[in-house]
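J.: You'll find structure-v2.cif just under this line, and it carries mmCIF, C-alpha atoms.
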```
data_coords
#
loop_
_atom_site.label_atom_id
_atom_site.label_comp_id
_atom_site.auth_asym_id
_atom_site.auth_seq_id
_atom_site.Cartn_x
_atom_site.Cartn_y
_atom_site.Cartn_z
CA MET Q 210 0.00 0.00 0.00
CA LYS Q 211 2.82 2.41 0.91
CA ARG Q 212 4.62 1.51 -2.32
CA ASN Q 213 1.52 2.37 -4.37
CA LEU Q 214 1.16 5.66 -2.48
CA LEU Q 215 4.77 6.59 -3.16
CA LEU Q 216 4.32 5.72 -6.84
CA ALA Q 217 1.23 7.91 -7.05
CA LEU Q 218 3.06 10.80 -5.40
CA SER Q 219 5.99 10.37 -7.77
CA LEU Q 220 3.71 10.41 -10.79
CA GLY Q 221 2.03 13.54 -9.44
CA LEU Q 222 5.38 15.30 -9.14
CA VAL Q 223 6.29 14.30 -12.70
CA ALA Q 224 2.97 15.63 -13.97
CA GLN Q 225 3.59 18.90 -12.16
CA ALA Q 226 7.11 19.20 -13.59
CA TRP Q 227 5.92 18.40 -17.11
CA ALA Q 228 2.83 20.52 -17.52
CA VAL Q 229 0.62 19.94 -20.53
CA ILE Q 230 1.76 22.23 -23.32
CA PRO Q 231 1.24 21.55 -27.03
CA ARG Q 232 3.55 18.94 -28.55
CA SER Q 233 3.02 20.09 -32.15
CA ALA Q 234 0.71 22.06 -34.41
CA SER Q 235 -0.90 21.80 -37.81
CA ALA Q 236 0.36 23.68 -40.84
CA PRO Q 237 -0.79 27.33 -40.91
CA GLU Q 238 -4.04 28.06 -42.74
CA LYS Q 239 -5.24 31.47 -43.84
CA LEU Q 240 -8.21 32.57 -41.73
CA ILE Q 241 -8.87 36.14 -42.88
CA ASP Q 242 -7.83 37.67 -46.18
CA SER Q 243 -8.43 41.35 -46.77
CA PRO Q 244 -7.37 44.12 -49.16
CA VAL Q 245 -6.35 45.96 -46.00
CA GLY Q 246 -3.39 44.57 -44.08
CA LEU Q 247 -4.49 43.00 -40.79
CA MET Q 248 -2.61 42.42 -37.54
CA ALA Q 249 -2.79 41.71 -33.80
CA PRO Q 250 -5.70 39.20 -33.52
CA VAL Q 251 -7.65 38.96 -30.24
CA TRP Q 252 -10.18 36.17 -29.57
CA SER Q 253 -13.52 36.95 -27.93
CA PRO Q 254 -13.97 35.35 -24.48
CA ASP Q 255 -16.24 32.61 -25.86
CA GLY Q 256 -14.01 32.01 -28.88
CA SER Q 257 -16.81 32.70 -31.37
CA LYS Q 258 -15.25 35.86 -32.84
CA ILE Q 259 -11.89 37.41 -33.47
CA ALA Q 260 -10.92 41.08 -33.57
CA VAL Q 261 -8.04 42.48 -35.61
CA THR Q 262 -6.58 45.87 -36.39
CA THR Q 263 -4.59 47.41 -39.25
CA ASP Q 264 -1.21 49.09 -39.65
CA HIS Q 265 -0.38 51.53 -36.86
CA PHE Q 266 -3.34 50.04 -34.91
CA THR Q 267 -5.83 52.10 -36.91
CA GLY Q 268 -9.43 50.90 -36.51
CA ILE Q 269 -10.85 47.58 -35.37
CA TYR Q 270 -12.36 44.80 -37.49
CA VAL Q 271 -14.33 41.82 -36.20
CA ALA Q 272 -14.89 38.45 -37.89
CA ASN Q 273 -16.40 35.12 -36.92
CA ALA Q 274 -14.03 32.46 -35.62
CA ASP Q 275 -14.05 30.75 -39.02
CA GLY Q 276 -12.90 33.98 -40.68
CA SER Q 277 -16.26 34.87 -42.22
CA GLY Q 278 -18.24 38.09 -41.81
CA LEU Q 279 -15.33 40.51 -41.48
CA LYS Q 280 -16.63 43.99 -40.70
CA GLN Q 281 -15.13 47.24 -39.48
CA VAL Q 282 -16.41 48.43 -36.10
CA SER Q 283 -14.05 51.36 -35.55
CA ARG Q 284 -12.02 53.72 -37.73
CA ASP Q 285 -10.31 55.52 -34.87
CA ALA Q 286 -6.55 55.97 -34.80
CA LYS Q 287 -4.85 53.71 -32.24
CA ALA Q 288 -8.18 51.98 -31.46
CA GLY Q 289 -6.52 48.59 -32.01
CA TYR Q 290 -3.64 49.20 -29.61
CA ARG Q 291 -4.01 46.66 -26.80
CA MET Q 292 -7.66 46.18 -27.71
CA ALA Q 293 -9.68 43.95 -25.39
CA TRP Q 294 -13.09 42.34 -25.40
CA ASN Q 295 -15.84 43.38 -22.99
CA GLY Q 296 -18.71 40.99 -23.57
CA ASN Q 297 -19.62 41.23 -27.25
CA ALA Q 298 -17.84 44.55 -27.78
CA VAL Q 299 -14.17 45.21 -28.38
CA ALA Q 300 -12.27 48.45 -27.86
CA ALA Q 301 -8.85 49.78 -26.96
CA GLU Q 302 -7.81 48.64 -23.51
CA THR Q 303 -8.36 51.30 -20.86
CA LYS Q 304 -5.14 52.30 -19.15
CA ASP Q 305 -5.40 52.73 -15.42
CA ASP Q 306 -2.80 55.43 -14.83
CA SER Q 307 -3.54 55.34 -11.11
CA GLY Q 308 -3.14 51.58 -10.88
CA THR Q 309 -0.47 50.24 -8.57
CA SER Q 310 -0.62 46.56 -9.53
CA LEU Q 311 2.31 45.22 -11.51
CA TYR Q 312 0.16 44.64 -14.58
CA ALA Q 313 -1.35 48.15 -14.41
CA ILE Q 314 2.12 49.64 -14.13
CA MET Q 315 3.38 47.65 -17.14
CA VAL Q 316 0.41 48.72 -19.25
CA ALA Q 317 0.24 52.38 -18.21
CA LYS Q 318 3.93 53.15 -17.66
CA PRO Q 319 5.99 50.79 -19.87
CA ASP Q 320 8.97 53.17 -19.89
CA LYS Q 321 9.03 53.40 -16.08
CA ALA Q 322 8.04 49.86 -15.08
CA THR Q 323 11.61 48.64 -14.53
CA ALA Q 324 12.16 51.49 -12.08
CA LEU Q 325 8.79 51.15 -10.32
CA ILE Q 326 8.84 47.36 -9.90
CA PRO Q 327 11.63 46.35 -7.50
CA ALA Q 328 12.23 42.93 -9.09
CA LEU Q 329 13.04 44.67 -12.39
CA ASN Q 330 15.37 47.36 -11.02
CA ASP Q 331 18.43 45.71 -12.61
CA TYR Q 332 16.96 46.68 -15.99
CA GLN Q 333 16.15 50.33 -15.30
CA GLY Q 334 16.09 52.36 -18.49
CA LYS Q 335 14.68 49.43 -20.50
CA MET Q 336 11.04 49.44 -21.60
CA VAL Q 337 8.57 46.72 -20.64
CA ILE Q 338 6.32 45.69 -23.53
CA ASN Q 339 3.58 43.18 -24.35
CA PRO Q 340 2.54 42.20 -20.79
CA ALA Q 341 0.05 39.32 -20.66
CA LEU Q 342 -1.86 38.43 -17.50
CA SER Q 343 -2.35 34.71 -16.87
CA PRO Q 344 -5.96 33.43 -16.93
CA ASP Q 345 -6.02 33.02 -13.14
CA GLY Q 346 -4.47 36.46 -12.58
CA THR Q 347 -1.45 35.17 -10.66
CA LYS Q 348 1.35 35.67 -13.21
CA ILE Q 349 2.44 38.10 -15.91
CA ALA Q 350 4.45 37.17 -18.98
CA PHE Q 351 6.16 40.13 -20.63
CA GLN Q 352 9.16 41.40 -22.56
CA ILE Q 353 11.95 43.72 -21.56
CA VAL Q 354 13.32 45.41 -24.67
CA SER Q 355 16.61 43.77 -25.72
CA GLN Q 356 16.44 41.50 -22.63
CA GLY Q 357 14.05 38.79 -23.83
CA MET Q 358 10.85 37.42 -22.35
CA TRP Q 359 10.08 36.99 -18.65
CA VAL Q 360 7.44 35.80 -16.20
CA ILE Q 361 6.72 37.17 -12.72
CA ASN Q 362 4.10 36.57 -10.04
CA THR Q 363 1.64 39.42 -9.66
CA ASP Q 364 2.88 39.94 -6.09
CA GLY Q 365 6.32 40.81 -7.49
CA THR Q 366 8.05 37.53 -6.61
CA GLY Q 367 9.40 34.70 -8.73
CA LEU Q 368 10.94 36.64 -11.62
CA LYS Q 369 12.15 34.14 -14.22
CA SER Q 370 13.68 34.51 -17.66
CA LEU Q 371 11.91 32.64 -20.47
CA GLY Q 372 14.66 33.40 -22.98
CA ALA Q 373 14.39 35.03 -26.38
CA GLY Q 374 10.84 35.61 -27.57
CA SER Q 375 8.05 38.09 -28.15
CA HIS Q 376 4.30 38.58 -27.67
CA PRO Q 377 3.53 35.85 -25.10
CA SER Q 378 -0.04 34.51 -25.07
CA TRP Q 379 -1.12 32.28 -22.18
CA LEU Q 380 -2.51 28.78 -22.52
CA PRO Q 381 -5.91 28.55 -20.78
CA ASP Q 382 -4.61 26.53 -17.82
CA GLY Q 383 -1.74 28.93 -17.17
CA SER Q 384 0.88 26.21 -17.61
CA GLY Q 385 2.73 28.05 -20.31
CA VAL Q 386 2.70 30.60 -23.09
CA VAL Q 387 2.76 30.53 -26.86
CA TYR Q 388 5.06 33.10 -28.41
CA THR Q 389 7.24 33.91 -31.42
CA GLN Q 390 10.93 34.21 -32.15
CA VAL Q 391 11.43 36.67 -34.99
CA SER Q 392 14.47 37.36 -37.20
CA ASP Q 393 15.12 40.47 -39.26
CA ASN Q 394 17.82 41.98 -41.46
CA GLY Q 395 17.65 45.43 -39.92
CA HIS Q 396 15.04 46.60 -42.42
CA GLU Q 397 12.30 43.98 -42.46
CA PHE Q 398 11.25 40.72 -40.81
CA THR Q 399 12.82 37.75 -42.58
CA ALA Q 400 11.63 34.74 -40.59
CA SER Q 401 9.68 33.73 -37.49
CA LYS Q 402 8.54 30.62 -35.67
CA VAL Q 403 5.81 29.90 -33.13
CA LEU Q 404 6.82 28.14 -29.91
CA ALA Q 405 5.30 27.09 -26.60
CA ILE Q 406 7.10 27.04 -23.26
CA ASP Q 407 6.23 25.59 -19.86
CA VAL Q 408 6.82 28.52 -17.48
CA GLN Q 409 7.80 26.20 -14.62
CA SER Q 410 10.17 23.67 -16.21
CA LEU Q 411 11.08 25.91 -19.19
CA ARG Q 412 10.47 22.96 -21.52
CA GLN Q 413 10.14 24.40 -24.99
CA VAL Q 414 8.43 23.12 -28.14
CA THR Q 415 8.63 24.56 -31.66
CA LEU Q 416 5.10 24.52 -33.07
CA THR Q 417 5.65 25.88 -36.55
CA SER Q 418 8.56 27.14 -38.61
CA ILE Q 419 7.71 27.30 -42.31
CA SER Q 420 9.37 29.24 -45.11
CA GLY Q 421 7.15 31.99 -46.50
CA VAL Q 422 5.12 32.38 -43.31
CA ILE Q 423 6.32 34.96 -40.77
CA PRO Q 424 4.09 34.64 -37.67
CA MET Q 425 3.65 37.71 -35.45
CA THR Q 426 1.50 38.53 -32.38
CA PRO Q 427 0.10 35.04 -31.64
CA ALA Q 428 -3.18 34.70 -29.74
CA VAL Q 429 -4.28 31.42 -28.12
CA SER Q 430 -8.01 30.71 -28.39
CA PRO Q 431 -9.96 30.47 -25.12
CA ASP Q 432 -10.26 26.67 -25.44
CA GLY Q 433 -6.53 26.32 -26.11
CA LYS Q 434 -7.06 24.49 -29.40
CA ARG Q 435 -6.01 27.17 -31.88
CA VAL Q 436 -3.54 30.00 -32.27
CA ALA Q 437 -4.26 32.97 -34.52
CA PHE Q 438 -1.47 35.21 -35.75
CA GLU Q 439 -0.68 37.79 -38.36
CA ASN Q 440 1.57 36.70 -41.20
CA ALA Q 441 4.01 39.52 -41.85
CA ALA Q 442 4.68 38.04 -45.30
CA ASP Q 443 1.21 38.88 -46.65
CA ALA Q 444 -0.51 40.92 -43.88
CA SER Q 445 -3.27 38.33 -43.46
CA ILE Q 446 -4.47 36.41 -40.39
CA TYR Q 447 -3.65 32.70 -40.12
CA THR Q 448 -4.37 29.95 -37.58
CA ILE Q 449 -2.76 26.73 -36.48
CA ASN Q 450 -4.40 23.88 -34.56
CA LEU Q 451 -2.57 22.74 -31.43
CA ASN Q 452 -1.89 19.06 -30.75
CA TYR Q 453 -1.47 17.90 -27.14
#
```
In structure tokens, what does this structure look like?
T.:
Amino acid sequence: MKRNLLLALSLGLVAQAWAVIPRSASAPEKLIDSPVGLMAPVWSPDGSKIAVTTDHFTGIYVANADGSGLKQVSRDAKAGYRMAWNGNAVAAETKDDSGTSLYAIMVAKPDKATALIPALNDYQGKMVINPALSPDGTKIAFQIVSQGMWVINTDGTGLKSLGAGSHPSWLPDGSGVVYTQVSDNGHEFTASKVLAIDVQSLRQVTLTSISGVIPMTPAVSPDGKRVAFENAADASIYTINLNY
């Protein structure tokens, strides 16, 4: 009986160390094609719709999850910058300039976050970009310009480097993030791949790396089954299906 208990505990520890992140993904498929270049997809909370914006974050467009029914819902400049869903509506994320939480600081004061957050003081002068709050609100994945991608607990503890990467998007269970690693020649993006990483063990999986497709700004669907991203090669929105 004790032996079986020890075995069960051992298996539990292994499961905790090796969280469930995708093991592979399907080939990219075009989801939304448009005469206007599209970027920065954001899934609705129920996964039934997807919002996108255009160059320089001008305006907001909304389509069904299968890519159909694309329509413009805003023409405002910068409306698509950090846009977020609120029920069935989508709009630019409201910045809480008075907020004192780590996430509020990163969103409202990206140029001062490394000075205002003690755990980041070693990187003062560097900007914090692309913060993403975990689904349970306990962790933040983010970038420090020229210093890679990081994760930190929302209470300011547990700072950990996730290595090179950009635009982290959390898996629904908070076990890890999907992100991109992008290459450029100093003038334009030349290549990119989509990866997933377990934020505890740092186990990393390459999900897609295909010539002619340059993934940017990935967004994991609420059910964790799909990732939408902009393809910098043709300014359209693509998806991949995740395999676990």
J.: With distances taken over all atoms listed in the file, which of Q:Ile361, Q:Ala442, Q:Leu342, Q:Val251 is nearest to Q:Phe398?
T.: Q:Ala442
J.: Which stretch 314-421 of chain Q residues have any atom within 12 Å of an atom of stretch 273-293 of chain Q, and for each, what is the nearest pair of atoms with distance in Å to one decimal, counting all atoms listed in the file, rows sorted by chain and number, as a Markdown table?
T.:
```
| residue | atom | partner | partner_atom | distance |
| --- | --- | --- | --- | --- |
| Q:Val316 | CA | Q:Arg291 | CA | 9.0 |
| Q:Ala317 | CA | Q:Arg291 | CA | 11.2 |
| Q:Ile338 | CA | Q:Arg291 | CA | 10.9 |
| Q:Asn339 | CA | Q:Arg291 | CA | 8.7 |
| Q:Pro340 | CA | Q:Arg291 | CA | 9.9 |
| Q:Ala341 | CA | Q:Arg291 | CA | 10.4 |
| Q:His376 | CA | Q:Arg291 | CA | 11.6 |
```
J.: When distances are computed from only C-alpha atoms, which of Q:Gly334, Q:Pro427, Q:Pro344, Q:Gly357 shows the smallest separation from Q:Pro377?
T.: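 Of Q:Gly334, Q:Pro427, Q:Pro344, Q:Gly357, the one nearest Q:Pro377, counting only C-alpha atoms, is Q:Pro427.
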J.: Hey, what comes out of the PyMOL selection byres ((chain Q and resi 319-331) around 12) on this file? Could you write it as a PyMOL selection string?
T.: chain Q and resi 304+306+308-318+332-340+351-354+356+359-370
J.: Could you tell me which of Q:Pro424, Q:Ser430, Q:Val408, Q:Ser445 comes closest to Q:Asp255 if we count only C-alpha atoms?
T.: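 Selected residue with least distance to Q:Asp255: Q:Ser430.
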J.: Output stretch 283-294 of chain Q with all heavy atoms present, as a PDB file, keeping the file's coordinate frame.
T.:
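Result file part.pdb:
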```
ATOM      1  N   SER Q 283     -14.639  50.091 -35.967  1.00  0.00           N
ATOM      2  CA  SER Q 283     -14.050  51.360 -35.550  1.00  0.00           C
ATOM      3  C   SER Q 283     -13.055  51.813 -36.606  1.00  0.00           C
ATOM      4  O   SER Q 283     -12.359  50.998 -37.202  1.00  0.00           O
ATOM      5  CB  SER Q 283     -13.334  51.219 -34.203  1.00  0.00           C
ATOM      6  OG  SER Q 283     -12.579  52.386 -33.906  1.00  0.00           O
ATOM      7  N   ARG Q 284     -12.997  53.133 -36.822  1.00  0.00           N
ATOM      8  CA  ARG Q 284     -12.020  53.720 -37.730  1.00  0.00           C
ATOM      9  C   ARG Q 284     -11.005  54.579 -36.974  1.00  0.00           C
ATOM     10  O   ARG Q 284     -10.155  55.220 -37.579  1.00  0.00           O
ATOM     11  CB  ARG Q 284     -12.725  54.580 -38.787  1.00  0.00           C
ATOM     12  CG  ARG Q 284     -13.690  53.808 -39.673  1.00  0.00           C
ATOM     13  CD  ARG Q 284     -14.366  54.734 -40.678  1.00  0.00           C
ATOM     14  NE  ARG Q 284     -15.339  53.997 -41.474  1.00  0.00           N
ATOM     15  CZ  ARG Q 284     -15.056  53.322 -42.583  1.00  0.00           C
ATOM     16  NH1 ARG Q 284     -13.800  53.295 -43.019  1.00  0.00           N
ATOM     17  NH2 ARG Q 284     -15.992  52.683 -43.247  1.00  0.00           N
ATOM     18  N   ASP Q 285     -11.114  54.615 -35.672  1.00  0.00           N
ATOM     19  CA  ASP Q 285     -10.310  55.520 -34.870  1.00  0.00           C
ATOM     20  C   ASP Q 285      -8.826  55.159 -34.893  1.00  0.00           C
ATOM     21  O   ASP Q 285      -8.456  53.983 -34.876  1.00  0.00           O
ATOM     22  CB  ASP Q 285     -10.786  55.529 -33.422  1.00  0.00           C
ATOM     23  CG  ASP Q 285     -12.197  56.055 -33.274  1.00  0.00           C
ATOM     24  OD1 ASP Q 285     -12.653  56.759 -34.198  1.00  0.00           O
ATOM     25  OD2 ASP Q 285     -12.839  55.753 -32.251  1.00  0.00           O
ATOM     26  N   ALA Q 286      -7.989  56.175 -34.908  1.00  0.00           N
ATOM     27  CA  ALA Q 286      -6.550  55.970 -34.800  1.00  0.00           C
ATOM     28  C   ALA Q 286      -6.217  55.359 -33.442  1.00  0.00           C
ATOM     29  O   ALA Q 286      -6.793  55.741 -32.420  1.00  0.00           O
ATOM     30  CB  ALA Q 286      -5.829  57.306 -34.973  1.00  0.00           C
ATOM     31  N   LYS Q 287      -5.335  54.390 -33.448  1.00  0.00           N
ATOM     32  CA  LYS Q 287      -4.850  53.710 -32.240  1.00  0.00           C
ATOM     33  C   LYS Q 287      -5.925  52.889 -31.521  1.00  0.00           C
ATOM     34  O   LYS Q 287      -5.686  52.386 -30.415  1.00  0.00           O
ATOM     35  CB  LYS Q 287      -4.238  54.706 -31.247  1.00  0.00           C
ATOM     36  CG  LYS Q 287      -3.095  55.527 -31.819  1.00  0.00           C
ATOM     37  CD  LYS Q 287      -1.922  54.691 -32.257  1.00  0.00           C
ATOM     38  CE  LYS Q 287      -0.781  55.525 -32.789  1.00  0.00           C
ATOM     39  NZ  LYS Q 287       0.359  54.721 -33.272  1.00  0.00           N
ATOM     40  N   ALA Q 288      -7.113  52.746 -32.121  1.00  0.00           N
ATOM     41  CA  ALA Q 288      -8.180  51.980 -31.460  1.00  0.00           C
ATOM     42  C   ALA Q 288      -7.769  50.527 -31.241  1.00  0.00           C
ATOM     43  O   ALA Q 288      -8.213  49.882 -30.296  1.00  0.00           O
ATOM     44  CB  ALA Q 288      -9.458  52.042 -32.284  1.00  0.00           C
ATOM     45  N   GLY Q 289      -6.917  49.999 -32.120  1.00  0.00           N
ATOM     46  CA  GLY Q 289      -6.520  48.590 -32.010  1.00  0.00           C
ATOM     47  C   GLY Q 289      -5.347  48.337 -31.101  1.00  0.00           C
ATOM     48  O   GLY Q 289      -4.951  47.185 -30.910  1.00  0.00           O
ATOM     49  N   TYR Q 290      -4.794  49.399 -30.502  1.00  0.00           N
ATOM     50  CA  TYR Q 290      -3.640  49.200 -29.610  1.00  0.00           C
ATOM     51  C   TYR Q 290      -4.111  48.600 -28.297  1.00  0.00           C
ATOM     52  O   TYR Q 290      -4.917  49.181 -27.585  1.00  0.00           O
ATOM     53  CB  TYR Q 290      -2.920  50.522 -29.351  1.00  0.00           C
ATOM     54  CG  TYR Q 290      -1.731  50.351 -28.439  1.00  0.00           C
ATOM     55  CD1 TYR Q 290      -0.586  49.704 -28.888  1.00  0.00           C
ATOM     56  CD2 TYR Q 290      -1.757  50.815 -27.139  1.00  0.00           C
ATOM     57  CE1 TYR Q 290       0.508  49.518 -28.065  1.00  0.00           C
ATOM     58  CE2 TYR Q 290      -0.667  50.650 -26.299  1.00  0.00           C
ATOM     59  CZ  TYR Q 290       0.465  49.997 -26.770  1.00  0.00           C
ATOM     60  OH  TYR Q 290       1.535  49.810 -25.935  1.00  0.00           O
ATOM     61  N   ARG Q 291      -3.635  47.393 -28.009  1.00  0.00           N
ATOM     62  CA  ARG Q 291      -4.010  46.660 -26.800  1.00  0.00           C
ATOM     63  C   ARG Q 291      -5.526  46.581 -26.661  1.00  0.00           C
ATOM     64  O   ARG Q 291      -6.077  46.765 -25.563  1.00  0.00           O
ATOM     65  CB  ARG Q 291      -3.383  47.289 -25.548  1.00  0.00           C
ATOM     66  CG  ARG Q 291      -1.876  47.219 -25.521  1.00  0.00           C
ATOM     67  CD  ARG Q 291      -1.322  47.388 -24.125  1.00  0.00           C
ATOM     68  NE  ARG Q 291      -1.828  46.347 -23.233  1.00  0.00           N
ATOM     69  CZ  ARG Q 291      -1.351  45.102 -23.160  1.00  0.00           C
ATOM     70  NH1 ARG Q 291      -0.340  44.728 -23.927  1.00  0.00           N
ATOM     71  NH2 ARG Q 291      -1.880  44.225 -22.331  1.00  0.00           N
ATOM     72  N   MET Q 292      -6.206  46.306 -27.774  1.00  0.00           N
ATOM     73  CA  MET Q 292      -7.660  46.180 -27.710  1.00  0.00           C
ATOM     74  C   MET Q 292      -8.042  44.955 -26.897  1.00  0.00           C
ATOM     75  O   MET Q 292      -7.309  43.972 -26.826  1.00  0.00           O
ATOM     76  CB  MET Q 292      -8.250  46.088 -29.123  1.00  0.00           C
ATOM     77  CG  MET Q 292      -7.748  44.945 -29.957  1.00  0.00           C
ATOM     78  SD  MET Q 292      -8.404  45.056 -31.632  1.00  0.00           S
ATOM     79  CE  MET Q 292      -7.399  43.808 -32.457  1.00  0.00           C
ATOM     80  N   ALA Q 293      -9.204  45.026 -26.259  1.00  0.00           N
ATOM     81  CA  ALA Q 293      -9.680  43.950 -25.390  1.00  0.00           C
ATOM     82  C   ALA Q 293     -11.184  43.821 -25.516  1.00  0.00           C
ATOM     83  O   ALA Q 293     -11.879  44.798 -25.799  1.00  0.00           O
ATOM     84  CB  ALA Q 293      -9.294  44.233 -23.937  1.00  0.00           C
ATOM     85  N   TRP Q 294     -11.656  42.603 -25.322  1.00  0.00           N
ATOM     86  CA  TRP Q 294     -13.090  42.340 -25.400  1.00  0.00           C
ATOM     87  C   TRP Q 294     -13.773  42.646 -24.068  1.00  0.00           C
ATOM     88  O   TRP Q 294     -13.225  42.365 -23.000  1.00  0.00           O
ATOM     89  CB  TRP Q 294     -13.350  40.895 -25.765  1.00  0.00           C
ATOM     90  CG  TRP Q 294     -13.111  40.586 -27.214  1.00  0.00           C
ATOM     91  CD1 TRP Q 294     -11.922  40.255 -27.795  1.00  0.00           C
ATOM     92  CD2 TRP Q 294     -14.085  40.580 -28.267  1.00  0.00           C
ATOM     93  NE1 TRP Q 294     -12.085  40.049 -29.139  1.00  0.00           N
ATOM     94  CE2 TRP Q 294     -13.412  40.236 -29.456  1.00  0.00           C
ATOM     95  CE3 TRP Q 294     -15.455  40.832 -28.305  1.00  0.00           C
ATOM     96  CZ2 TRP Q 294     -14.057  40.136 -30.681  1.00  0.00           C
ATOM     97  CZ3 TRP Q 294     -16.107  40.729 -29.524  1.00  0.00           C
ATOM     98  CH2 TRP Q 294     -15.418  40.393 -30.692  1.00  0.00           C
TER      99      TRP Q 294
END
```
